[in-house]
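Some notes on the structure that comes next.
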Amino acid sequence: MNILVVTEQRQGKWNNTSFETLVAAQQITSATSGTLSVVVIGKGVAGLAQEVAGENVAEVLLVEHDLLENYTPDGYCIALKQVIEAAKPDLVLFPHTYQVRDFAPKLAASLGKGMVGDCIGFRHEGGKLVFVRQMFQGRTVADVTFTGAAPWFASFQSGAFRADLLAAHPSRKAPVNAVSVGLKPEQIRTKPLELFKEAKSSVDLTQARLIVAIGRGIKAPENIAQAEALAKAMGAEIAASRPICDEGWLPMERQIGSSGQTVAPKLYMALGISGAIQHVVGMKGARTIVAVNKDQNAPIFEIADYGVVGDIFEVMPALTEELQKTKG
Amino acid sequence: MKIIVCIKQVPAKDAPLAIAGSWIKESDIGFEMNEPDSYALEEALRLKEKHGGEVIALSFGPERVKQTIKEALAKGADRGIHIADDNFAQLDPLGSAKILAAAIGKENPDLVLTGLQSDDHGFGQTGVLLAGLLDRPHATIIMQIEVQDGRMNLKRELEAGWFQRIECPLPAVLSIQSGINKVRYATLKGIMAAKKKEIATLTRESLGVSTDPTQKIEKIYVPTKTKKTEFITGTPREVAAKLVEKLKFEARVI
């Protein structure tokens with residue numbers, strides 16, 4: 001199966017999920033005896049193309065245009081459609097980033113095709129590729145296959161494959177081929193302006209050694225004091241899943257997950273957090289994970305080292321008391 | 001401004017899921033408005049309050065989704081459109097977007113809003129596909145909308161705490177990020193007023209759309225554990241003592 005991977009860069013810096021997707025592509029290529037091509041798209045990105053040419057790929061397609069300097073969904077869709085029509089791959093793979101979510105389904109649809117997004121793995125069985133993705137916020141997974149003719153489109157979730165498994169090119173140098181695309185200013189309807197970060201955070205959770213995190217199970221803002229008391233007794237930082245910060249119960253800077261912070265503390269204690277994918281990608285690197293949840297089927301238990309099926313409002317004060325006692 | 005909000009009805013968050021092939025058993029569980037879509041609805045209502053116009057709540061699915069449309073009407077949407085379809089859950093993202101696009105096209109709105117993704121399938125593609133099918137500019141993961149002289153100034157969320165300002169002309173399609181606003185509750189007055197509001201019913205046949213699936217969900221299942229979880233049981237006091245001991249002497253993290 002011939003595969004085309006569309007990598008992602010912004011202002012000349014890689015989005016590292018690109019390399020995880022490249023690992024997935026290398027594995028699918030070897031399982032299906034195909035070839036692997038990689039697209040580097042932007043302006044002034046020849047250096048990045050040379051860099052990725054050192055990996056085990058058949059060729060790198062360098063797609064440059066003045067109008068591709070800053071990402072726009074129109075620019076990327078129009079350019080990549082031409083690239084795909086010329087390269088005729090069977091499968092087009094993307095890292096599942098916010099940017100890919102913004103254009104890839106439309107790109108696929110412009111070729112009359114569908115996309116299987118946010119996959120966590122694949123299987124090759126009976127000559128067929130099966131993509132695995134989560135549903136119901138991670139409570140179930142689904143096996144998905146493509147129907148109809150290629151090209152097929154899929155994206156892989158951040159963390160689904162390990163970038164350190166990337167195989168290098170035998171001679172350290174795959175050919176880099178420039179592909180010219182036609183693109184006119186009037187075809188780009190949205191205008192990207194400045195990139196910015198919100199006011200500087202007062203807390204850096206990425207540096208925290210211990211984190212106590214709360215989710216929907218906390219139920220009401222007045223209950224957060226109980227979790228804070230536990231965090232204090234443990235010497236931990238308090239954090240939360242997205243819905244808690246959306247409600248304004250804790251500041252956004254304390255949000256863990258795909259749209260917030262990615263953390264890897266020694267201990268992550270998840271209280272009343274179900275374990276939706278968007279949260280899990282931000283904390284699965286923790287060394288030890290403790291989960292307390294009343295639902296024994298909550299997906300958080302899949303990644304927990306220690307699990308307590310129970311009421312957080314009973315467990316939190318008991319834990320606080322125990323920690324205070326042992327500290328003595 | 002004429003705004004259409006696409007609203008999905010999904011199984012309630014705490015509903016027990018009984019898997020049945022490629023979907024779940026729908027009997028005996030409750031359904032609710034997809035939470036990300038409730039932020040899109042709220043944003044539409046605020047835009048109408050500021051700039052005037054009309055908010056139309058569009059939902060797709062079996063008879064039960066009318067309840068979600070009524071909820072949107074009670075919160076302040078002016079009218080509803082129900083695309084009645086018992087086999088909605090079996091459609092792929094492109095198929096359902098084609099049918100939604102046909103219904104939206106008839107209304108020719110200035111703005112189409114969707115939530116970021118649904119809490120059931122979680123495809124997260126509808127808004128972007130609608131933009132392609134309706135040939136309109138779009139932007140996703142939007143945290144702020146300002147409308148001025150037929151254009152929108154948008155704040156788009158990127159990963160890892162970054163944001164970007166984007167200028168987008170109207171008409172357009174936007175996918176709204178959860179947390180963009182504080183969602184309102186329906187008032188008693190709103191609930192009473194909703195009873196008089198119109199809900200038009202369409203079908204994929206009446207819209208004249210046929211769809212060939214591009215992908216198929218073969219089956220869904222409960223994920224296999226990747227880590228061995230040690231479950232700690234007992235009274236809260238016992239659990240606390242055991243857990244603290246394990247974290248101290250086994251995991252050695254506190």
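So you can find residues: chains in the structure tokens are A, B, ... in the order shown, residues in each start at 1, and ligands are numbered from 1 in order.
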Inset, instruction - May I have the residues of chain A within 6 Å of chain B, counting only C-alpha atoms, written as an NGL selection string? - result: :A and (102 or 106 or 114 or 135-137 or 140-147 or 190-197 or 246 or 259-260 or 266 or 302-308 or 314-315 or 318-319)
Would you save the residues from that selection as an mmCIF file, in the first residue's frame, using N, CA and C atoms?
```cif
data_model
loop_
_atom_site.group_PDB
_atom_site.id
_atom_site.type_symbol
_atom_site.label_atom_id
_atom_site.label_comp_id
_atom_site.auth_asym_id
_atom_site.auth_seq_id
_atom_site.Cartn_x
_atom_site.Cartn_y
_atom_site.Cartn_z
ATOM 1 N N ASP A 102 -8.763 20.928 11.374
ATOM 2 C CA ASP A 102 -9.285 22.128 10.733
ATOM 3 C C ASP A 102 -9.405 22.003 9.212
ATOM 4 N N LYS A 106 -12.174 18.216 5.096
ATOM 5 C CA LYS A 106 -12.600 18.948 3.894
ATOM 6 C C LYS A 106 -11.751 18.554 2.689
ATOM 7 N N GLY A 114 -13.843 9.937 2.472
ATOM 8 C CA GLY A 114 -14.057 10.163 3.897
ATOM 9 C C GLY A 114 -12.760 10.020 4.650
ATOM 10 N N MET A 135 -14.562 5.825 20.948
ATOM 11 C CA MET A 135 -15.889 6.440 20.862
ATOM 12 C C MET A 135 -16.412 6.638 22.276
ATOM 13 N N PHE A 136 -17.472 7.377 22.410
ATOM 14 C CA PHE A 136 -18.074 7.639 23.728
ATOM 15 C C PHE A 136 -17.007 8.082 24.726
ATOM 16 N N GLN A 137 -16.201 9.065 24.315
ATOM 17 C CA GLN A 137 -15.212 9.665 25.218
ATOM 18 C C GLN A 137 -14.255 8.627 25.804
ATOM 19 N N THR A 140 -15.615 3.314 24.891
ATOM 20 C CA THR A 140 -15.550 2.172 23.977
ATOM 21 C C THR A 140 -14.535 2.481 22.877
ATOM 22 N N VAL A 141 -14.076 1.424 22.204
ATOM 23 C CA VAL A 141 -13.274 1.623 21.003
ATOM 24 C C VAL A 141 -14.005 0.992 19.831
ATOM 25 N N ALA A 142 -13.664 1.436 18.632
ATOM 26 C CA ALA A 142 -14.337 0.947 17.435
ATOM 27 C C ALA A 142 -13.317 0.489 16.412
ATOM 28 N N ASP A 143 -13.613 -0.605 15.726
ATOM 29 C CA ASP A 143 -12.840 -1.028 14.559
ATOM 30 C C ASP A 143 -13.511 -0.421 13.338
ATOM 31 N N VAL A 144 -12.744 0.314 12.549
ATOM 32 C CA VAL A 144 -13.324 1.000 11.390
ATOM 33 C C VAL A 144 -12.558 0.598 10.134
ATOM 34 N N THR A 145 -13.301 0.308 9.067
ATOM 35 C CA THR A 145 -12.658 0.012 7.785
ATOM 36 C C THR A 145 -13.149 1.011 6.742
ATOM 37 N N PHE A 146 -12.357 1.186 5.704
ATOM 38 C CA PHE A 146 -12.776 2.055 4.608
ATOM 39 C C PHE A 146 -13.598 1.256 3.620
ATOM 40 N N THR A 147 -14.576 1.920 3.025
ATOM 41 C CA THR A 147 -15.324 1.295 1.946
ATOM 42 C C THR A 147 -15.077 2.149 0.711
ATOM 43 N N THR A 190 -9.861 33.138 4.426
ATOM 44 C CA THR A 190 -9.622 33.591 5.798
ATOM 45 C C THR A 190 -8.216 34.161 5.892
ATOM 46 N N LYS A 191 -8.050 35.080 6.845
ATOM 47 C CA LYS A 191 -6.764 35.756 6.981
ATOM 48 C C LYS A 191 -6.176 35.456 8.364
ATOM 49 N N PRO A 192 -5.091 34.665 8.384
ATOM 50 C CA PRO A 192 -4.491 34.366 9.691
ATOM 51 C C PRO A 192 -3.730 35.570 10.212
ATOM 52 N N LEU A 193 -3.941 35.925 11.459
ATOM 53 C CA LEU A 193 -3.234 37.060 12.061
ATOM 54 C C LEU A 193 -2.302 36.538 13.148
ATOM 55 N N GLU A 194 -2.070 37.375 14.183
ATOM 56 C CA GLU A 194 -0.995 37.028 15.112
ATOM 57 C C GLU A 194 -1.277 35.788 15.971
ATOM 58 N N LEU A 195 -0.172 35.130 16.345
ATOM 59 C CA LEU A 195 -0.206 34.027 17.303
ATOM 60 C C LEU A 195 0.132 34.613 18.657
ATOM 61 N N PHE A 196 -0.535 34.169 19.689
ATOM 62 C CA PHE A 196 -0.238 34.723 21.013
ATOM 63 C C PHE A 196 -0.586 33.736 22.114
ATOM 64 N N LYS A 197 -0.006 33.976 23.284
ATOM 65 C CA LYS A 197 -0.356 33.218 24.490
ATOM 66 C C LYS A 197 -1.082 34.150 25.431
ATOM 67 N N ASP A 246 -13.794 24.971 32.054
ATOM 68 C CA ASP A 246 -14.838 25.598 31.231
ATOM 69 C C ASP A 246 -15.880 26.273 32.115
ATOM 70 N N SER A 259 -6.032 20.350 25.108
ATOM 71 C CA SER A 259 -6.093 21.797 24.925
ATOM 72 C C SER A 259 -5.435 22.536 26.084
ATOM 73 N N GLY A 260 -4.931 21.807 27.060
ATOM 74 C CA GLY A 260 -4.281 22.437 28.205
ATOM 75 C C GLY A 260 -2.850 21.980 28.355
ATOM 76 N N LYS A 266 5.415 12.560 39.105
ATOM 77 C CA LYS A 266 5.660 11.262 39.750
ATOM 78 C C LYS A 266 4.337 10.608 40.117
ATOM 79 N N GLU A 302 -8.243 2.170 32.937
ATOM 80 C CA GLU A 302 -7.379 1.451 31.995
ATOM 81 C C GLU A 302 -5.924 1.840 32.145
ATOM 82 N N ILE A 303 -5.683 3.060 32.577
ATOM 83 C CA ILE A 303 -4.297 3.511 32.660
ATOM 84 C C ILE A 303 -3.837 3.702 34.101
ATOM 85 N N ALA A 304 -4.737 3.385 35.059
ATOM 86 C CA ALA A 304 -4.388 3.618 36.464
ATOM 87 C C ALA A 304 -3.548 2.476 37.022
ATOM 88 N N ASP A 305 -2.569 2.814 37.871
ATOM 89 C CA ASP A 305 -1.809 1.792 38.586
ATOM 90 C C ASP A 305 -2.608 1.325 39.797
ATOM 91 N N TYR A 306 -3.238 2.300 40.475
ATOM 92 C CA TYR A 306 -4.075 1.981 41.627
ATOM 93 C C TYR A 306 -5.460 2.553 41.381
ATOM 94 N N GLY A 307 -6.465 1.750 41.638
ATOM 95 C CA GLY A 307 -7.830 2.191 41.401
ATOM 96 C C GLY A 307 -8.672 2.048 42.653
ATOM 97 N N VAL A 308 -9.547 3.011 42.862
ATOM 98 C CA VAL A 308 -10.526 2.900 43.941
ATOM 99 C C VAL A 308 -11.892 3.143 43.315
ATOM 100 N N GLU A 314 -16.096 10.516 50.017
ATOM 101 C CA GLU A 314 -15.701 9.718 51.178
ATOM 102 C C GLU A 314 -14.190 9.503 51.187
ATOM 103 N N VAL A 315 -13.631 9.297 49.988
ATOM 104 C CA VAL A 315 -12.208 8.950 49.893
ATOM 105 C C VAL A 315 -11.319 10.173 50.142
ATOM 106 N N ALA A 318 -10.836 11.041 53.900
ATOM 107 C CA ALA A 318 -10.124 9.939 54.557
ATOM 108 C C ALA A 318 -8.638 9.984 54.197
ATOM 109 N N LEU A 319 -8.363 10.250 52.930
ATOM 110 C CA LEU A 319 -6.969 10.329 52.478
ATOM 111 C C LEU A 319 -6.253 11.516 53.121
#
```
Legend entry - All strand (DSSP E) positions in range 4-192 of chain B, as a count of residues only: 63
Legend entry - For Ala236 in chain A: contacts at 12 Å, only C-alpha atoms, fewer than 2 positions along chain excluded, given as a ChimeraX atom specification: /A:205,207-213,227-234,238-239,265-269,320,323 /B:253-254
Same residues, N, CA and C atoms, output as a short mmCIF file (atom, residue, chain, number, x, y, z; two decimals), in the first residue's frame:
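Result file is selection.cif:
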```
data_model
loop_
_atom_site.label_atom_id
_atom_site.label_comp_id
_atom_site.auth_asym_id
_atom_site.auth_seq_id
_atom_site.Cartn_x
_atom_site.Cartn_y
_atom_site.Cartn_z
N LEU A 205 2.40 23.67 35.86
CA LEU A 205 2.08 22.29 36.25
C LEU A 205 3.05 21.28 35.65
N GLN A 207 6.04 21.29 35.81
CA GLN A 207 7.15 21.07 36.75
C GLN A 207 6.70 20.41 38.05
N ALA A 208 5.38 20.20 38.20
CA ALA A 208 4.86 19.66 39.47
C ALA A 208 5.24 18.18 39.61
N ARG A 209 5.65 17.77 40.81
CA ARG A 209 6.02 16.37 41.05
C ARG A 209 4.79 15.55 41.42
N LEU A 210 3.85 16.20 42.08
CA LEU A 210 2.63 15.52 42.51
C LEU A 210 1.44 16.36 42.07
N ILE A 211 0.44 15.70 41.50
CA ILE A 211 -0.74 16.43 41.04
C ILE A 211 -2.01 15.72 41.52
N VAL A 212 -2.91 16.49 42.11
CA VAL A 212 -4.25 16.01 42.44
C VAL A 212 -5.19 16.68 41.45
N ALA A 213 -5.87 15.88 40.64
CA ALA A 213 -6.71 16.45 39.60
C ALA A 213 -8.17 16.06 39.80
N ALA A 227 -10.75 18.83 47.74
CA ALA A 227 -9.63 18.36 46.92
C ALA A 227 -8.39 19.18 47.20
N GLU A 228 -8.59 20.48 47.45
CA GLU A 228 -7.45 21.35 47.76
C GLU A 228 -6.83 20.97 49.10
N ALA A 229 -7.67 20.58 50.04
CA ALA A 229 -7.15 20.16 51.35
C ALA A 229 -6.29 18.90 51.18
N LEU A 230 -6.75 17.99 50.34
CA LEU A 230 -5.99 16.76 50.07
C LEU A 230 -4.67 17.10 49.39
N ALA A 231 -4.73 17.99 48.39
CA ALA A 231 -3.51 18.39 47.67
C ALA A 231 -2.52 19.02 48.65
N LYS A 232 -3.04 19.83 49.56
CA LYS A 232 -2.16 20.51 50.52
C LYS A 232 -1.50 19.48 51.45
N ALA A 233 -2.29 18.52 51.92
CA ALA A 233 -1.75 17.50 52.82
C ALA A 233 -0.67 16.68 52.12
N MET A 234 -0.77 16.56 50.81
CA MET A 234 0.17 15.75 50.05
C MET A 234 1.35 16.57 49.53
N ILE A 238 -2.97 21.38 42.48
CA ILE A 238 -4.32 21.00 42.07
C ILE A 238 -4.47 21.27 40.57
N ALA A 239 -5.15 20.35 39.89
CA ALA A 239 -5.38 20.50 38.46
C ALA A 239 -6.77 19.95 38.15
N PRO A 265 4.07 13.99 36.01
CA PRO A 265 4.54 14.02 37.40
C PRO A 265 4.85 12.61 37.92
N LYS A 266 5.42 12.56 39.11
CA LYS A 266 5.66 11.26 39.75
C LYS A 266 4.34 10.61 40.12
N LEU A 267 3.39 11.43 40.57
CA LEU A 267 2.09 10.91 40.97
C LEU A 267 0.97 11.78 40.41
N TYR A 268 0.01 11.15 39.80
CA TYR A 268 -1.18 11.84 39.30
C TYR A 268 -2.39 11.17 39.92
N MET A 269 -3.11 11.90 40.75
CA MET A 269 -4.28 11.34 41.39
C MET A 269 -5.52 11.93 40.74
N THR A 320 -6.96 12.64 53.19
CA THR A 320 -6.37 13.84 53.78
C THR A 320 -5.99 13.57 55.23
N LEU A 323 -2.98 11.21 55.47
CA LEU A 323 -1.71 11.88 55.13
C LEU A 323 -1.25 12.79 56.27
N VAL B 253 6.33 7.37 45.70
CA VAL B 253 6.13 8.67 45.05
C VAL B 253 5.77 9.78 46.04
N ILE B 254 5.43 9.41 47.27
CA ILE B 254 5.16 10.47 48.27
C ILE B 254 6.05 10.22 49.49
#
```
Inset, instruction - Within 9 Å of Gly272 in chain A, counting only C-alpha atoms, which residues show up once you throw out same-chain ones fewer than 5 positions away? Write them as a PyMOL selection string, please. - result: chain A and resi 213-219+291-294+311-312
Inset, instruction - Rounded to one decimal place, report the CA of Ala270 in chain A-CA of Gln296 in chain A distance in Å. - result: 13.7 Å
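Taking CA of Ala101 in chain B as the reference point, CA of Cys6 in chain B is found at 10.4 Å.
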Legend entry - Non-local contacts of range 106-109 of chain B (12 Å; only C-alpha atoms; under 4 positions in same chain excluded) as a PyMOL selection string: chain B and resi 1-5+53-58+80-81+99-102+113+134-136+170-173+202+206-207
Take the residues that were just selected and, keeping N, CA and C atoms, output them as a compact mmCIF listing (two decimals), in the first residue's frame.
```
# COMPACT_ATOMS: atom_id res chain seq x y z
N MET B 1 -28.62 38.89 11.46
CA MET B 1 -27.84 37.73 11.09
C MET B 1 -28.69 36.47 11.23
N LYS B 2 -28.68 35.66 10.19
CA LYS B 2 -29.41 34.38 10.27
C LYS B 2 -28.39 33.29 10.59
N ILE B 3 -28.60 32.63 11.73
CA ILE B 3 -27.62 31.65 12.22
C ILE B 3 -28.29 30.29 12.36
N ILE B 4 -27.66 29.27 11.80
CA ILE B 4 -28.12 27.90 12.03
C ILE B 4 -27.12 27.23 12.96
N VAL B 5 -27.64 26.63 14.03
CA VAL B 5 -26.77 25.86 14.94
C VAL B 5 -27.08 24.38 14.76
N GLY B 53 -31.52 39.34 14.28
CA GLY B 53 -31.57 38.22 13.36
C GLY B 53 -32.33 37.05 13.92
N GLU B 54 -31.90 35.86 13.52
CA GLU B 54 -32.69 34.65 13.81
C GLU B 54 -31.74 33.49 14.10
N VAL B 55 -32.11 32.67 15.09
CA VAL B 55 -31.34 31.46 15.38
C VAL B 55 -32.22 30.24 15.10
N ILE B 56 -31.69 29.35 14.25
CA ILE B 56 -32.42 28.13 13.90
C ILE B 56 -31.65 26.93 14.45
N ALA B 57 -32.36 26.10 15.22
CA ALA B 57 -31.73 24.89 15.78
C ALA B 57 -32.00 23.73 14.84
N LEU B 58 -30.92 23.13 14.33
CA LEU B 58 -31.04 22.02 13.38
C LEU B 58 -30.53 20.75 14.02
N GLY B 80 -37.06 25.53 14.81
CA GLY B 80 -36.25 24.32 14.71
C GLY B 80 -36.43 23.62 13.38
N ILE B 81 -35.41 22.87 12.99
CA ILE B 81 -35.54 21.99 11.83
C ILE B 81 -35.10 20.60 12.28
N ILE B 99 -26.23 15.47 4.16
CA ILE B 99 -27.66 15.66 4.41
C ILE B 99 -27.91 16.98 5.16
N LEU B 100 -27.05 17.24 6.15
CA LEU B 100 -27.16 18.53 6.87
C LEU B 100 -26.95 19.70 5.91
N ALA B 101 -25.96 19.57 5.02
CA ALA B 101 -25.66 20.66 4.08
C ALA B 101 -26.85 20.96 3.18
N ALA B 102 -27.56 19.89 2.78
CA ALA B 102 -28.73 20.09 1.91
C ALA B 102 -29.80 20.89 2.65
N LEU B 113 -23.07 27.36 12.91
CA LEU B 113 -22.23 27.01 14.06
C LEU B 113 -22.41 25.54 14.41
N LEU B 134 -20.72 23.37 1.51
CA LEU B 134 -21.46 24.61 1.24
C LEU B 134 -20.57 25.65 0.55
N ASP B 135 -19.31 25.32 0.36
CA ASP B 135 -18.31 26.21 -0.23
C ASP B 135 -18.24 27.56 0.49
N ARG B 136 -18.05 27.45 1.81
CA ARG B 136 -17.93 28.67 2.62
C ARG B 136 -16.64 28.63 3.41
N LEU B 170 -18.12 36.74 6.06
CA LEU B 170 -19.42 36.08 6.13
C LEU B 170 -19.96 35.95 4.71
N PRO B 171 -20.77 34.96 4.40
CA PRO B 171 -21.21 33.85 5.26
C PRO B 171 -20.09 32.84 5.51
N ALA B 172 -20.20 32.12 6.63
CA ALA B 172 -19.14 31.21 7.03
C ALA B 172 -19.66 30.10 7.93
N VAL B 173 -18.77 29.17 8.24
CA VAL B 173 -19.07 28.07 9.17
C VAL B 173 -18.01 28.08 10.27
N LEU B 202 -37.90 17.47 8.00
CA LEU B 202 -37.38 17.09 6.69
C LEU B 202 -36.93 15.63 6.76
N SER B 206 -36.73 13.69 1.21
CA SER B 206 -37.28 14.99 0.79
C SER B 206 -36.16 15.94 0.40
N LEU B 207 -34.97 15.75 0.97
CA LEU B 207 -33.83 16.60 0.61
C LEU B 207 -33.16 16.10 -0.67
```
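We find CA of Gly61 in chain B and CA of Ala154 in chain A to be spaced 25.9 Å apart.
Near Ala167 in chain A, within 10 Å and counting only C-alpha atoms, sit Leu22, Val23, Gln26, Gln27, Gly54, Glu55, Asn56 and Val57 of chain A; same-chain residues fewer than 5 positions away were not included.
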Store the residues picked out above in a file with N, CA and C atoms, as an mmCIF file, in the first residue's frame.
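What follows is the written file result.cif:
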```cif
data_model
loop_
_atom_site.group_PDB
_atom_site.id
_atom_site.type_symbol
_atom_site.label_atom_id
_atom_site.label_comp_id
_atom_site.auth_asym_id
_atom_site.auth_seq_id
_atom_site.Cartn_x
_atom_site.Cartn_y
_atom_site.Cartn_z
ATOM 1 N N LEU A 22 4.563 9.134 11.351
ATOM 2 C CA LEU A 22 5.541 8.538 10.433
ATOM 3 C C LEU A 22 5.875 7.113 10.874
ATOM 4 N N VAL A 23 5.959 6.890 12.171
ATOM 5 C CA VAL A 23 6.201 5.533 12.688
ATOM 6 C C VAL A 23 5.033 4.623 12.307
ATOM 7 N N GLN A 26 5.371 3.839 8.700
ATOM 8 C CA GLN A 26 6.420 2.856 8.426
ATOM 9 C C GLN A 26 5.919 1.447 8.725
ATOM 10 N N GLN A 27 5.149 1.316 9.814
ATOM 11 C CA GLN A 27 4.630 -0.007 10.181
ATOM 12 C C GLN A 27 3.589 -0.498 9.165
ATOM 13 N N GLY A 54 16.195 11.927 6.134
ATOM 14 C CA GLY A 54 17.091 11.006 6.828
ATOM 15 C C GLY A 54 16.359 9.809 7.420
ATOM 16 N N GLU A 55 15.036 9.848 7.411
ATOM 17 C CA GLU A 55 14.264 8.724 7.952
ATOM 18 C C GLU A 55 13.980 7.720 6.846
ATOM 19 N N ASN A 56 13.523 6.531 7.245
ATOM 20 C CA ASN A 56 13.290 5.484 6.248
ATOM 21 C C ASN A 56 12.002 5.741 5.465
ATOM 22 N N VAL A 57 12.135 6.560 4.430
ATOM 23 C CA VAL A 57 11.014 6.886 3.546
ATOM 24 C C VAL A 57 11.498 6.801 2.106
#
```
Legend entry - Counting only C-alpha atoms, the option among A:Ala149, A:Val40, A:Ala168, A:Val132 closest to Ile120 in chain A: A:Val132
Inset, instruction - Select from range 5-253 of chain B everything DSSP, run on the backbone, classes as alpha helix (DSSP H), then give the selection as JSON, numbers by chain. - result: {"B": [35, 36, 37, 38, 39, 40, 41, 42, 43, 44, 45, 46, 47, 48, 49, 50, 51, 66, 67, 68, 69, 70, 71, 72, 73, 74, 75, 93, 94, 95, 96, 97, 98, 99, 100, 101, 102, 103, 104, 105, 106, 107, 126, 127, 128, 129, 130, 131, 132, 133, 134, 188, 189, 190, 191, 192, 193, 194, 204, 205, 206, 207, 236, 237, 238, 239, 240, 241, 242, 243, 244, 245]}
Just want the 10 Å neighbourhood of Lys50 in chain B, counted on only C-alpha atoms, with same-chain residues fewer than 5 positions away dropped. Output as a PDB file with N, CA and C atoms, in the first residue's frame.
```
ATOM      1  N   MET B   1     -28.621  38.888  11.459  1.00  0.00           N
ATOM      2  CA  MET B   1     -27.845  37.725  11.086  1.00  0.00           C
ATOM      3  C   MET B   1     -28.690  36.466  11.227  1.00  0.00           C
ATOM      4  N   ALA B  44     -24.612  31.436  19.458  1.00  0.00           N
ATOM      5  CA  ALA B  44     -25.573  31.915  18.455  1.00  0.00           C
ATOM      6  C   ALA B  44     -26.579  32.866  19.100  1.00  0.00           C
ATOM      7  N   LEU B  45     -27.074  32.503  20.289  1.00  0.00           N
ATOM      8  CA  LEU B  45     -28.068  33.343  20.973  1.00  0.00           C
ATOM      9  C   LEU B  45     -27.458  34.703  21.331  1.00  0.00           C
ATOM     10  N   VAL B 147     -18.230  40.452  15.329  1.00  0.00           N
ATOM     11  CA  VAL B 147     -18.724  40.703  13.976  1.00  0.00           C
ATOM     12  C   VAL B 147     -18.661  42.191  13.688  1.00  0.00           C
TER      13      VAL B 147
END
```
